[in-house]
Amino acid sequence: MIAPRLSGVIERRLLVNYRVEPGMAAALLPAPLRPQLVRGWAVGGICLLRLGDTRPRWAPGGTGLRSENAAHRIAVEWDGPAGVETGVYIPRRDSGSRINVLAGGRVFPGEHGAAVFDVQETPDEVRIEYETRDGATRVSAEARVVDELRGSVLFRGLDEASEFFRRGPKGFSATRTGLHLDGMELHADAWRVEATEIRSVRSSFFEDPDRFPPGSALLDSALLMRNVPVRWDPLPPLALVSAGYDVAVAS
(Lines give C-alpha, C1' and ligand atoms only; values in the text may rest on other atoms or scores of the structure.)
Protein backbone atom coordinates (compact mmCIF):
# COMPACT_ATOMS: atom_id res chain seq x y z
CA MET A 1 0.00 0.00 0.00
CA ILE A 2 1.43 3.36 -1.11
CA ALA A 3 -0.83 5.62 0.93
CA PRO A 4 -1.52 9.19 -0.23
CA ARG A 5 -1.19 12.26 1.96
CA LEU A 6 -4.70 13.55 2.61
CA SER A 7 -6.35 16.90 3.28
CA GLY A 8 -9.83 17.69 4.54
CA VAL A 9 -11.94 19.45 7.13
CA ILE A 10 -13.10 18.16 10.50
CA GLU A 11 -16.64 19.47 10.22
CA ARG A 12 -17.54 17.95 13.59
CA ARG A 13 -15.61 15.81 16.04
CA LEU A 14 -17.29 14.79 19.28
CA LEU A 15 -14.72 13.12 21.49
CA VAL A 16 -16.34 11.18 24.35
CA ASN A 17 -13.80 10.32 27.05
CA TYR A 18 -13.73 7.51 29.59
CA ARG A 19 -11.39 7.00 32.51
CA VAL A 20 -10.31 3.37 32.46
CA GLU A 21 -8.63 1.13 35.01
CA PRO A 22 -5.06 0.79 33.68
CA GLY A 23 -4.96 -2.99 33.83
CA MET A 24 -8.15 -3.29 31.79
CA ALA A 25 -6.77 -0.90 29.16
CA ALA A 26 -3.40 -2.69 29.05
CA ALA A 27 -5.17 -6.00 28.35
CA LEU A 28 -6.50 -4.55 25.08
CA LEU A 29 -3.14 -3.25 23.82
CA PRO A 30 -0.63 -5.11 21.67
CA ALA A 31 3.04 -4.72 22.51
CA PRO A 32 4.90 -2.38 22.29
CA LEU A 33 2.00 -0.07 23.29
CA ARG A 34 1.12 0.71 26.89
CA PRO A 35 -1.60 2.94 28.41
CA GLN A 36 -0.84 6.63 28.77
CA LEU A 37 -1.99 7.50 32.29
CA VAL A 38 -3.61 10.71 33.52
CA ARG A 39 -4.04 11.02 37.29
CA GLY A 40 -3.71 7.26 37.62
CA TRP A 41 -6.27 6.40 34.92
CA ALA A 42 -5.94 5.22 31.35
CA VAL A 43 -7.90 7.33 28.84
CA GLY A 44 -10.35 5.63 26.52
CA GLY A 45 -12.83 7.22 24.18
CA ILE A 46 -15.07 7.32 21.15
CA CYS A 47 -14.38 9.78 18.35
CA LEU A 48 -17.57 10.61 16.40
CA LEU A 49 -16.32 12.38 13.34
CA ARG A 50 -17.80 14.01 10.26
CA LEU A 51 -15.15 14.74 7.66
CA GLY A 52 -15.62 17.05 4.71
CA ASP A 53 -13.71 17.47 1.46
CA THR A 54 -11.37 14.54 2.21
CA ARG A 55 -9.04 14.14 -0.75
CA PRO A 56 -5.44 13.48 -1.79
CA ARG A 57 -3.39 16.57 -1.03
CA TRP A 58 -2.70 17.18 -4.71
CA ALA A 59 -6.43 17.37 -5.56
CA PRO A 60 -8.16 20.79 -5.62
CA GLY A 61 -10.40 21.81 -2.73
CA GLY A 62 -14.08 21.08 -3.12
CA THR A 63 -13.53 17.73 -4.86
CA GLY A 64 -13.31 15.52 -1.76
CA LEU A 65 -15.51 13.08 0.11
CA ARG A 66 -17.90 13.86 2.98
CA SER A 67 -18.46 11.07 5.49
CA GLU A 68 -19.58 10.11 9.00
CA ASN A 69 -17.05 8.03 10.91
CA ALA A 70 -16.30 6.67 14.36
CA ALA A 71 -13.24 5.34 16.14
CA HIS A 72 -12.88 3.67 19.51
CA ARG A 73 -9.57 4.75 21.05
CA ILE A 74 -7.18 4.28 23.94
CA ALA A 75 -4.46 6.85 24.65
CA VAL A 76 -1.08 5.09 24.50
CA GLU A 77 2.65 5.59 24.72
CA TRP A 78 5.58 3.63 23.38
CA ASP A 79 9.35 3.84 23.17
CA GLY A 80 10.48 5.50 19.94
CA PRO A 81 13.98 6.22 18.60
CA ALA A 82 14.04 9.64 20.31
CA GLY A 83 12.29 8.60 23.54
CA VAL A 84 8.71 8.09 24.67
CA GLU A 85 6.05 8.91 22.05
CA THR A 86 2.31 9.34 22.57
CA GLY A 87 -0.77 8.78 20.46
CA VAL A 88 -3.84 6.54 20.32
CA TYR A 89 -4.51 2.88 19.65
CA ILE A 90 -7.70 2.28 17.66
CA PRO A 91 -9.14 -1.23 18.03
CA ARG A 92 -12.11 -0.39 15.81
CA ARG A 93 -12.96 2.13 13.08
CA ASP A 94 -16.39 2.41 11.45
CA SER A 95 -17.77 4.55 8.64
CA GLY A 96 -21.00 5.36 6.90
CA SER A 97 -19.08 5.74 3.64
CA ARG A 98 -18.76 2.72 1.38
CA ILE A 99 -15.62 4.27 -0.10
CA ASN A 100 -13.95 4.45 3.32
CA VAL A 101 -14.91 0.85 4.06
CA LEU A 102 -13.51 -0.37 0.74
CA ALA A 103 -10.40 1.81 0.72
CA GLY A 104 -9.45 1.64 4.41
CA GLY A 105 -6.45 -0.62 4.86
CA ARG A 106 -6.01 -0.84 1.08
CA VAL A 107 -5.64 2.70 -0.31
CA PHE A 108 -5.05 4.50 2.99
CA PRO A 109 -4.23 3.17 6.48
CA GLY A 110 -7.05 2.07 8.78
CA GLU A 111 -9.54 -0.74 8.15
CA HIS A 112 -13.18 0.39 8.59
CA GLY A 113 -16.35 -1.48 9.39
CA ALA A 114 -19.60 -0.51 7.70
CA ALA A 115 -22.10 1.41 9.83
CA VAL A 116 -25.33 3.40 9.66
CA PHE A 117 -25.34 6.86 11.31
CA ASP A 118 -28.19 9.07 12.53
CA VAL A 119 -27.06 12.61 13.37
CA GLN A 120 -28.96 15.67 14.59
CA GLU A 121 -27.13 18.94 15.22
CA THR A 122 -27.76 22.54 16.15
CA PRO A 123 -25.15 25.22 16.95
CA ASP A 124 -25.44 24.28 20.65
CA GLU A 125 -26.30 20.58 20.68
CA VAL A 126 -25.31 17.38 18.93
CA ARG A 127 -26.87 13.91 18.99
CA ILE A 128 -25.22 11.00 17.21
CA GLU A 129 -26.27 7.37 16.99
CA TYR A 130 -24.70 4.62 14.95
CA GLU A 131 -24.76 0.86 14.61
CA THR A 132 -22.41 -1.32 12.61
CA ARG A 133 -23.96 -3.40 9.88
CA ASP A 134 -22.64 -6.56 11.52
CA GLY A 135 -24.53 -5.60 14.69
CA ALA A 136 -21.39 -5.81 16.84
CA THR A 137 -21.11 -2.15 17.88
CA ARG A 138 -23.72 0.42 18.88
CA VAL A 139 -23.17 3.95 20.16
CA SER A 140 -25.43 6.86 21.04
CA ALA A 141 -24.24 10.20 22.41
CA GLU A 142 -25.92 13.49 23.13
CA ALA A 143 -24.04 16.58 24.32
CA ARG A 144 -24.55 20.34 24.71
CA VAL A 145 -21.93 23.06 24.25
CA VAL A 146 -21.05 24.86 27.51
CA ASP A 147 -18.62 27.59 28.49
CA GLU A 148 -16.23 25.42 30.52
CA LEU A 149 -15.37 21.79 31.17
CA ARG A 150 -16.93 20.62 34.42
CA GLY A 151 -16.91 17.38 36.38
CA SER A 152 -13.92 15.73 34.71
CA VAL A 153 -11.62 13.64 36.88
CA LEU A 154 -9.05 13.32 34.10
CA PHE A 155 -8.66 16.99 33.24
CA ARG A 156 -8.65 20.14 35.38
CA GLY A 157 -10.14 22.23 32.60
CA LEU A 158 -10.65 22.70 28.88
CA ASP A 159 -7.11 23.91 28.18
CA GLU A 160 -5.56 20.85 29.82
CA ALA A 161 -7.87 18.47 27.98
CA SER A 162 -7.24 20.20 24.66
CA GLU A 163 -3.47 20.04 25.11
CA PHE A 164 -3.56 16.35 26.03
CA PHE A 165 -5.25 15.39 22.78
CA ARG A 166 -3.27 17.86 20.67
CA ARG A 167 -0.04 16.22 21.83
CA GLY A 168 -1.15 12.76 20.67
CA PRO A 169 -1.69 13.15 16.91
CA LYS A 170 -0.48 9.67 15.88
CA GLY A 171 -3.09 6.96 15.59
CA PHE A 172 -2.38 3.25 15.14
CA SER A 173 -5.23 0.99 14.03
CA ALA A 174 -5.67 -2.74 14.50
CA THR A 175 -5.47 -4.85 11.34
CA ARG A 176 -6.92 -8.24 10.55
CA THR A 177 -3.48 -9.71 9.85
CA GLY A 178 -2.41 -9.24 13.47
CA LEU A 179 1.18 -8.62 12.31
CA HIS A 180 1.31 -4.82 12.37
CA LEU A 181 -0.72 -1.67 13.07
CA ASP A 182 -1.69 0.87 10.39
CA GLY A 183 -0.60 4.42 11.26
CA MET A 184 -1.76 7.94 10.42
CA GLU A 185 -0.71 11.31 11.86
CA LEU A 186 -3.11 14.25 12.13
CA HIS A 187 -1.95 17.85 11.55
CA ALA A 188 -4.21 20.78 12.45
CA ASP A 189 -2.81 24.31 12.18
CA ALA A 190 -5.86 25.87 13.87
CA TRP A 191 -6.46 23.42 16.71
CA ARG A 192 -9.47 24.42 18.79
CA VAL A 193 -11.98 22.54 20.92
CA GLU A 194 -15.14 23.39 22.86
CA ALA A 195 -16.34 22.04 26.19
CA THR A 196 -19.58 20.11 26.31
CA GLU A 197 -21.98 18.80 28.90
CA ILE A 198 -22.88 15.16 28.32
CA ARG A 199 -26.64 14.57 28.23
CA SER A 200 -26.39 10.82 27.63
CA VAL A 201 -23.98 8.22 26.24
CA ARG A 202 -24.40 4.51 25.53
CA SER A 203 -21.61 2.37 24.13
CA SER A 204 -21.68 -1.38 23.55
CA PHE A 205 -17.86 -1.31 23.57
CA PHE A 206 -17.30 0.40 26.93
CA GLU A 207 -20.39 -1.17 28.53
CA ASP A 208 -19.32 -4.73 27.67
CA PRO A 209 -18.76 -6.40 31.08
CA ASP A 210 -16.45 -9.00 29.59
CA ARG A 211 -14.16 -6.27 28.30
CA PHE A 212 -14.65 -3.79 31.16
CA PRO A 213 -15.99 -5.18 34.46
CA PRO A 214 -18.32 -2.77 36.31
CA GLY A 215 -16.45 0.29 37.57
CA SER A 216 -13.41 -0.18 35.32
CA ALA A 217 -14.53 2.21 32.53
CA LEU A 218 -16.32 5.37 33.69
CA LEU A 219 -17.70 8.19 31.55
CA ASP A 220 -15.58 11.29 32.19
CA SER A 221 -16.11 14.15 29.72
CA ALA A 222 -16.64 15.17 26.12
CA LEU A 223 -15.06 17.72 23.79
CA LEU A 224 -16.24 19.15 20.49
CA MET A 225 -14.17 20.28 17.52
CA ARG A 226 -15.81 21.99 14.53
CA ASN A 227 -14.74 23.28 11.12
CA VAL A 228 -11.00 22.72 11.45
CA PRO A 229 -8.87 22.22 8.29
CA VAL A 230 -6.58 19.23 8.74
CA ARG A 231 -4.02 17.06 6.98
CA TRP A 232 -3.15 13.40 7.45
CA ASP A 233 0.20 11.79 6.76
CA PRO A 234 0.61 8.02 6.60
CA LEU A 235 3.04 6.52 9.10
CA PRO A 236 5.15 3.42 8.61
CA PRO A 237 3.29 0.36 9.90
CA LEU A 238 4.09 -0.34 13.54
CA ALA A 239 5.47 -3.86 13.83
CA LEU A 240 4.23 -5.84 16.80
CA VAL A 241 6.74 -7.28 19.23
CA SER A 242 5.43 -10.84 18.89
CA ALA A 243 4.67 -12.01 15.36
CA GLY A 244 1.13 -13.36 15.22
CA TYR A 245 -0.07 -11.36 18.24
CA ASP A 246 -3.84 -11.30 17.98
CA VAL A 247 -4.97 -7.72 17.40
CA ALA A 248 -7.86 -8.38 15.06
CA VAL A 249 -10.35 -5.54 14.79
CA ALA A 250 -12.43 -5.58 17.96
CA SER A 251 -16.15 -6.26 17.81
# chains A, B, ... in the order shown; residues from 1 in each chain; ligands from 1
$ residues_around --residues "range 98-109 of chain A" --least-positions-apart "3" --cutoff "7 Å" --atoms "only C-alpha atoms" --output "short mmCIF file (atom, residue, chain, number, x, y, z; two decimals) with N, CA and C atoms, in the first residue's frame"
data_model
loop_
_atom_site.label_atom_id
_atom_site.label_comp_id
_atom_site.auth_asym_id
_atom_site.auth_seq_id
_atom_site.Cartn_x
_atom_site.Cartn_y
_atom_site.Cartn_z
N MET A 1 0.84 -1.19 0.00
CA MET A 1 0.00 0.00 0.00
C MET A 1 0.87 1.24 0.00
N ALA A 3 0.27 4.79 0.47
CA ALA A 3 -0.83 5.62 0.93
C ALA A 3 -0.61 7.08 0.55
N PRO A 4 -1.66 7.77 0.09
CA PRO A 4 -1.52 9.19 -0.23
C PRO A 4 -1.57 10.04 1.02
N SER A 95 -17.44 3.44 9.54
CA SER A 95 -17.77 4.55 8.64
C SER A 95 -19.10 4.32 7.96
N HIS A 112 -11.92 -0.13 8.08
CA HIS A 112 -13.18 0.39 8.59
C HIS A 112 -14.28 -0.66 8.47
N GLY A 113 -15.12 -0.73 9.50
CA GLY A 113 -16.35 -1.48 9.39
C GLY A 113 -17.46 -0.61 8.85
N ALA A 114 -18.47 -1.25 8.26
CA ALA A 114 -19.60 -0.51 7.70
C ALA A 114 -20.62 -0.23 8.78
N ASP A 182 -1.69 -0.23 11.35
CA ASP A 182 -1.69 0.87 10.39
C ASP A 182 -1.58 2.20 11.13
N GLY A 183 -0.81 3.14 10.58
CA GLY A 183 -0.60 4.42 11.26
C GLY A 183 -0.92 5.63 10.40
N MET A 184 -1.51 6.64 11.03
CA MET A 184 -1.76 7.94 10.42
C MET A 184 -1.45 9.02 11.45
N PRO A 234 0.46 9.42 6.22
CA PRO A 234 0.61 8.02 6.60
C PRO A 234 1.90 7.81 7.38
#
$ closest_residue --among "A:Thr196, A:Ser67, A:Ser203, A:Ser7" --to "Leu224 in chain A" --atoms "only C-alpha atoms"
A:Thr196
$ atom_distance --atom1 "CA of Ala70 in chain A" --atom2 "CA of Val241 in chain A"
27.4 Å
$ residues_around --residues "Ala161 in chain A" --least-positions-apart "3" --cutoff "10 Å" --atoms "only C-alpha atoms" --output "list of chain:residue names"
A:Leu149, A:Ser152, A:Leu154, A:Phe155, A:Arg156, A:Gly157, A:Leu158, A:Phe164, A:Phe165, A:Arg166, A:Val193, A:Ala195, A:Ser221, A:Ala222, A:Leu223
$ residues_around --residues "range 167-175 of chain A" --least-positions-apart "3" --cutoff "6 Å" --atoms "only C-alpha atoms" --output "short mmCIF file (atom, residue, chain, number, x, y, z; two decimals) with N, CA, C and O atoms, in the first residue's frame"
data_model
loop_
_atom_site.label_atom_id
_atom_site.label_comp_id
_atom_site.auth_asym_id
_atom_site.auth_seq_id
_atom_site.Cartn_x
_atom_site.Cartn_y
_atom_site.Cartn_z
N THR A 86 3.70 9.50 22.15
CA THR A 86 2.31 9.34 22.57
C THR A 86 1.38 9.42 21.37
O THR A 86 1.68 10.04 20.35
N GLY A 87 0.23 8.77 21.51
CA GLY A 87 -0.77 8.78 20.46
C GLY A 87 -1.97 7.98 20.91
O GLY A 87 -2.29 7.94 22.10
N VAL A 88 -2.67 7.35 19.98
CA VAL A 88 -3.84 6.54 20.32
C VAL A 88 -3.78 5.21 19.59
O VAL A 88 -3.27 5.11 18.46
N TYR A 89 -4.29 4.19 20.26
CA TYR A 89 -4.51 2.88 19.65
C TYR A 89 -5.99 2.77 19.34
O TYR A 89 -6.84 3.12 20.17
N ILE A 90 -6.32 2.31 18.14
CA ILE A 90 -7.70 2.28 17.66
C ILE A 90 -8.08 0.83 17.36
O ILE A 90 -7.71 0.29 16.30
N PRO A 91 -8.77 0.16 18.29
CA PRO A 91 -9.14 -1.23 18.03
C PRO A 91 -10.25 -1.37 17.01
O PRO A 91 -10.41 -2.45 16.43
N GLY A 110 -5.90 2.12 7.89
CA GLY A 110 -7.05 2.07 8.78
C GLY A 110 -8.22 1.32 8.19
O GLY A 110 -8.97 1.86 7.36
N PHE A 164 -3.82 17.80 25.98
CA PHE A 164 -3.56 16.35 26.03
C PHE A 164 -3.82 15.71 24.67
O PHE A 164 -3.00 14.93 24.18
N GLY A 178 -3.00 -9.06 12.15
CA GLY A 178 -2.41 -9.24 13.47
C GLY A 178 -0.90 -9.15 13.48
O GLY A 178 -0.28 -9.47 14.49
N LEU A 181 0.33 -2.66 12.92
CA LEU A 181 -0.72 -1.67 13.07
C LEU A 181 -0.57 -0.62 11.97
O LEU A 181 0.53 -0.18 11.68
N ASP A 182 -1.69 -0.23 11.35
CA ASP A 182 -1.69 0.87 10.39
C ASP A 182 -1.58 2.20 11.13
O ASP A 182 -2.22 2.38 12.18
N GLY A 183 -0.81 3.14 10.58
CA GLY A 183 -0.60 4.42 11.26
C GLY A 183 -0.92 5.63 10.40
O GLY A 183 -0.65 5.64 9.20
N MET A 184 -1.51 6.64 11.03
CA MET A 184 -1.76 7.94 10.42
C MET A 184 -1.45 9.02 11.45
O MET A 184 -1.67 8.83 12.65
N GLU A 185 -0.97 10.18 10.98
CA GLU A 185 -0.71 11.31 11.86
C GLU A 185 -1.54 12.51 11.42
O GLU A 185 -1.55 12.87 10.24
N LEU A 186 -2.24 13.11 12.38
CA LEU A 186 -3.11 14.25 12.13
C LEU A 186 -2.35 15.55 12.34
O LEU A 186 -1.63 15.71 13.33
N VAL A 247 -4.40 -9.06 17.25
CA VAL A 247 -4.97 -7.72 17.40
C VAL A 247 -6.03 -7.50 16.33
O VAL A 247 -6.16 -6.43 15.78
N ALA A 248 -6.80 -8.52 16.05
CA ALA A 248 -7.86 -8.38 15.06
C ALA A 248 -8.83 -7.28 15.49
O ALA A 248 -8.98 -7.01 16.69
N VAL A 249 -9.45 -6.66 14.52
CA VAL A 249 -10.35 -5.54 14.79
C VAL A 249 -11.40 -5.98 15.79
O VAL A 249 -12.06 -7.00 15.64
#
$ atom_distance --atom1 "CA of Asp94 in chain A" --atom2 "CA of Gly8 in chain A"
18.0 Å
$ closest_residue --among "A:Asp208, A:Arg231, A:Arg133, A:Pro237" --to "Arg55 in chain A" --atoms "only C-alpha atoms"
A:Arg231
$ select_by_dssp --residues "range 14-232 of chain A" --states "strand (DSSP E or B)" --output "PyMOL selection string"
chain A and resi 14-20+34-35+37-38+41-56+65-80+83-95+104+108+113-121+125-132+138-145+170-173+180-187+194-203+217-225+228-232
$ atom_distance --atom1 "CA of Phe212 in chain A" --atom2 "CA of Pro22 in chain A"
10.9 Å
$ closest_residue --among "A:Ala188, A:Leu49, A:Ala31, A:Ala75" --to "Asn17 in chain A" --atoms "only C-alpha atoms"
A:Ala75
$ closest_residue --among "A:Gln36, A:Trp41, A:Gly151, A:Trp58" --to "Glu21 in chain A" --atoms "only C-alpha atoms"
A:Trp41
$ closest_residue --among "A:Arg92, A:Arg73, A:Arg57, A:Arg176" --to "Val20 in chain A" --atoms "only C-alpha atoms"
A:Arg73
$ residues_around --residues "Glu125 in chain A" --least-positions-apart "4" --cutoff "8 Å" --atoms "only C-alpha atoms" --output "short mmCIF file (atom, residue, chain, number, x, y, z; two decimals) with all heavy atoms, in the first residue's frame"
data_model
loop_
_atom_site.label_atom_id
_atom_site.label_comp_id
_atom_site.auth_asym_id
_atom_site.auth_seq_id
_atom_site.Cartn_x
_atom_site.Cartn_y
_atom_site.Cartn_z
N GLU A 121 -28.02 17.90 14.69
CA GLU A 121 -27.13 18.94 15.22
C GLU A 121 -27.79 20.30 15.15
O GLU A 121 -28.54 20.60 14.23
CB GLU A 121 -25.82 19.00 14.42
CG GLU A 121 -24.93 17.78 14.55
CD GLU A 121 -23.70 17.91 13.69
OE1 GLU A 121 -22.73 18.57 14.12
OE2 GLU A 121 -23.71 17.36 12.56
N GLU A 142 -25.26 12.20 23.23
CA GLU A 142 -25.92 13.49 23.13
C GLU A 142 -25.20 14.46 24.06
O GLU A 142 -24.97 14.15 25.23
CB GLU A 142 -27.39 13.38 23.53
CG GLU A 142 -28.18 14.68 23.34
CD GLU A 142 -29.66 14.49 23.62
OE1 GLU A 142 -30.08 13.34 23.88
OE2 GLU A 142 -30.39 15.51 23.60
N ALA A 143 -24.80 15.61 23.53
CA ALA A 143 -24.04 16.58 24.32
C ALA A 143 -24.46 18.00 23.95
O ALA A 143 -24.95 18.26 22.85
CB ALA A 143 -22.54 16.40 24.09
N ARG A 144 -24.22 18.93 24.88
CA ARG A 144 -24.55 20.34 24.71
C ARG A 144 -23.32 21.18 24.95
O ARG A 144 -22.57 20.96 25.92
CB ARG A 144 -25.66 20.74 25.69
CG ARG A 144 -26.11 22.18 25.60
CD ARG A 144 -27.31 22.42 26.52
NE ARG A 144 -26.95 22.27 27.92
CZ ARG A 144 -26.54 23.28 28.70
NH1 ARG A 144 -26.44 24.51 28.21
NH2 ARG A 144 -26.26 23.07 29.97
N VAL A 145 -23.08 22.17 24.10
CA VAL A 145 -21.93 23.06 24.25
C VAL A 145 -22.10 23.93 25.49
O VAL A 145 -23.18 24.50 25.71
CB VAL A 145 -21.75 23.94 22.99
CG1 VAL A 145 -20.60 24.93 23.18
CG2 VAL A 145 -21.52 23.07 21.77
#
$ select_by_dssp --residues "range 2-236 of chain A" --states "helix (DSSP H, G or I)" --output "list in words"
Pro22, Gly23, Met24, Ala25, Ala26, Arg98, Ile99, Asn100, Val101, Leu102, Ala103, Leu158, Asp159, Glu160, Ala161, Ser162, Glu163, Phe164, Phe165 and Arg166 of chain A
$ residues_around --residues "Ala190 in chain A" --least-positions-apart "2" --cutoff "10 Å" --atoms "only C-alpha atoms" --output "list in words"
His187, Ala188, Arg192, Val193, Asn227, Val228, Pro229 and Val230 of chain A
$ write_last_selection --atoms "all heavy atoms" --output "mmCIF file, in the first residue's frame"
data_model
loop_
_atom_site.group_PDB
_atom_site.id
_atom_site.type_symbol
_atom_site.label_atom_id
_atom_site.label_comp_id
_atom_site.auth_asym_id
_atom_site.auth_seq_id
_atom_site.Cartn_x
_atom_site.Cartn_y
_atom_site.Cartn_z
ATOM 1 N N HIS A 187 -2.532 16.508 11.414
ATOM 2 C CA HIS A 187 -1.954 17.851 11.552
ATOM 3 C C HIS A 187 -3.091 18.863 11.450
ATOM 4 O O HIS A 187 -3.850 18.850 10.485
ATOM 5 C CB HIS A 187 -0.929 18.128 10.450
ATOM 6 C CG HIS A 187 0.199 17.143 10.411
ATOM 7 N ND1 HIS A 187 1.322 17.263 11.197
ATOM 8 C CD2 HIS A 187 0.357 16.004 9.681
ATOM 9 C CE1 HIS A 187 2.143 16.253 10.951
ATOM 10 N NE2 HIS A 187 1.575 15.481 10.049
ATOM 11 N N ALA A 188 -3.195 19.721 12.450
ATOM 12 C CA ALA A 188 -4.211 20.776 12.453
ATOM 13 C C ALA A 188 -3.535 22.086 12.836
ATOM 14 O O ALA A 188 -3.067 22.234 13.964
ATOM 15 C CB ALA A 188 -5.329 20.445 13.427
ATOM 16 N N ARG A 192 -8.581 23.789 17.825
ATOM 17 C CA ARG A 192 -9.467 24.425 18.795
ATOM 18 C C ARG A 192 -10.585 23.450 19.156
ATOM 19 O O ARG A 192 -11.108 22.737 18.306
ATOM 20 C CB ARG A 192 -10.057 25.733 18.260
ATOM 21 C CG ARG A 192 -10.820 25.607 16.951
ATOM 22 C CD ARG A 192 -11.304 26.952 16.438
ATOM 23 N NE ARG A 192 -12.009 26.835 15.168
ATOM 24 C CZ ARG A 192 -11.411 26.870 13.983
ATOM 25 N NH1 ARG A 192 -10.095 27.020 13.912
ATOM 26 N NH2 ARG A 192 -12.118 26.763 12.866
ATOM 27 N N VAL A 193 -10.930 23.425 20.442
ATOM 28 C CA VAL A 193 -11.984 22.540 20.923
ATOM 29 C C VAL A 193 -12.927 23.332 21.814
ATOM 30 O O VAL A 193 -12.572 24.397 22.346
ATOM 31 C CB VAL A 193 -11.421 21.330 21.692
ATOM 32 C CG1 VAL A 193 -10.531 20.481 20.796
ATOM 33 C CG2 VAL A 193 -10.663 21.779 22.933
ATOM 34 N N ASN A 227 -15.207 22.476 12.248
ATOM 35 C CA ASN A 227 -14.739 23.283 11.120
ATOM 36 C C ASN A 227 -13.249 23.619 11.220
ATOM 37 O O ASN A 227 -12.853 24.789 11.143
ATOM 38 C CB ASN A 227 -15.582 24.554 11.002
ATOM 39 C CG ASN A 227 -17.044 24.242 10.773
ATOM 40 O OD1 ASN A 227 -17.389 23.337 10.013
ATOM 41 N ND2 ASN A 227 -17.926 24.974 11.440
ATOM 42 N N VAL A 228 -12.445 22.569 11.351
ATOM 43 C CA VAL A 228 -11.002 22.721 11.455
ATOM 44 C C VAL A 228 -10.335 22.066 10.242
ATOM 45 O O VAL A 228 -10.455 20.846 10.057
ATOM 46 C CB VAL A 228 -10.462 22.095 12.753
ATOM 47 C CG1 VAL A 228 -8.942 22.178 12.797
ATOM 48 C CG2 VAL A 228 -11.068 22.793 13.965
ATOM 49 N N PRO A 229 -9.628 22.832 9.391
ATOM 50 C CA PRO A 229 -8.871 22.221 8.286
ATOM 51 C C PRO A 229 -7.746 21.347 8.839
ATOM 52 O O PRO A 229 -7.049 21.735 9.780
ATOM 53 C CB PRO A 229 -8.318 23.428 7.523
ATOM 54 C CG PRO A 229 -9.166 24.581 7.952
ATOM 55 C CD PRO A 229 -9.563 24.304 9.367
ATOM 56 N N VAL A 230 -7.580 20.171 8.240
ATOM 57 C CA VAL A 230 -6.577 19.225 8.736
ATOM 58 C C VAL A 230 -5.872 18.538 7.571
ATOM 59 O O VAL A 230 -6.316 18.582 6.419
ATOM 60 C CB VAL A 230 -7.212 18.158 9.651
ATOM 61 C CG1 VAL A 230 -7.701 18.775 10.952
ATOM 62 C CG2 VAL A 230 -8.344 17.432 8.942
#
$ residues_around --residues "Leu219 in chain A" --least-positions-apart "6" --cutoff "10 Å" --atoms "only C-alpha atoms" --output "list of chain:residue names"
A:Val16, A:Asn17, A:Tyr18, A:Arg19, A:Val20, A:Gly44, A:Gly45, A:Ser152, A:Val153, A:Ile198, A:Ser200, A:Val201, A:Arg202, A:Phe206
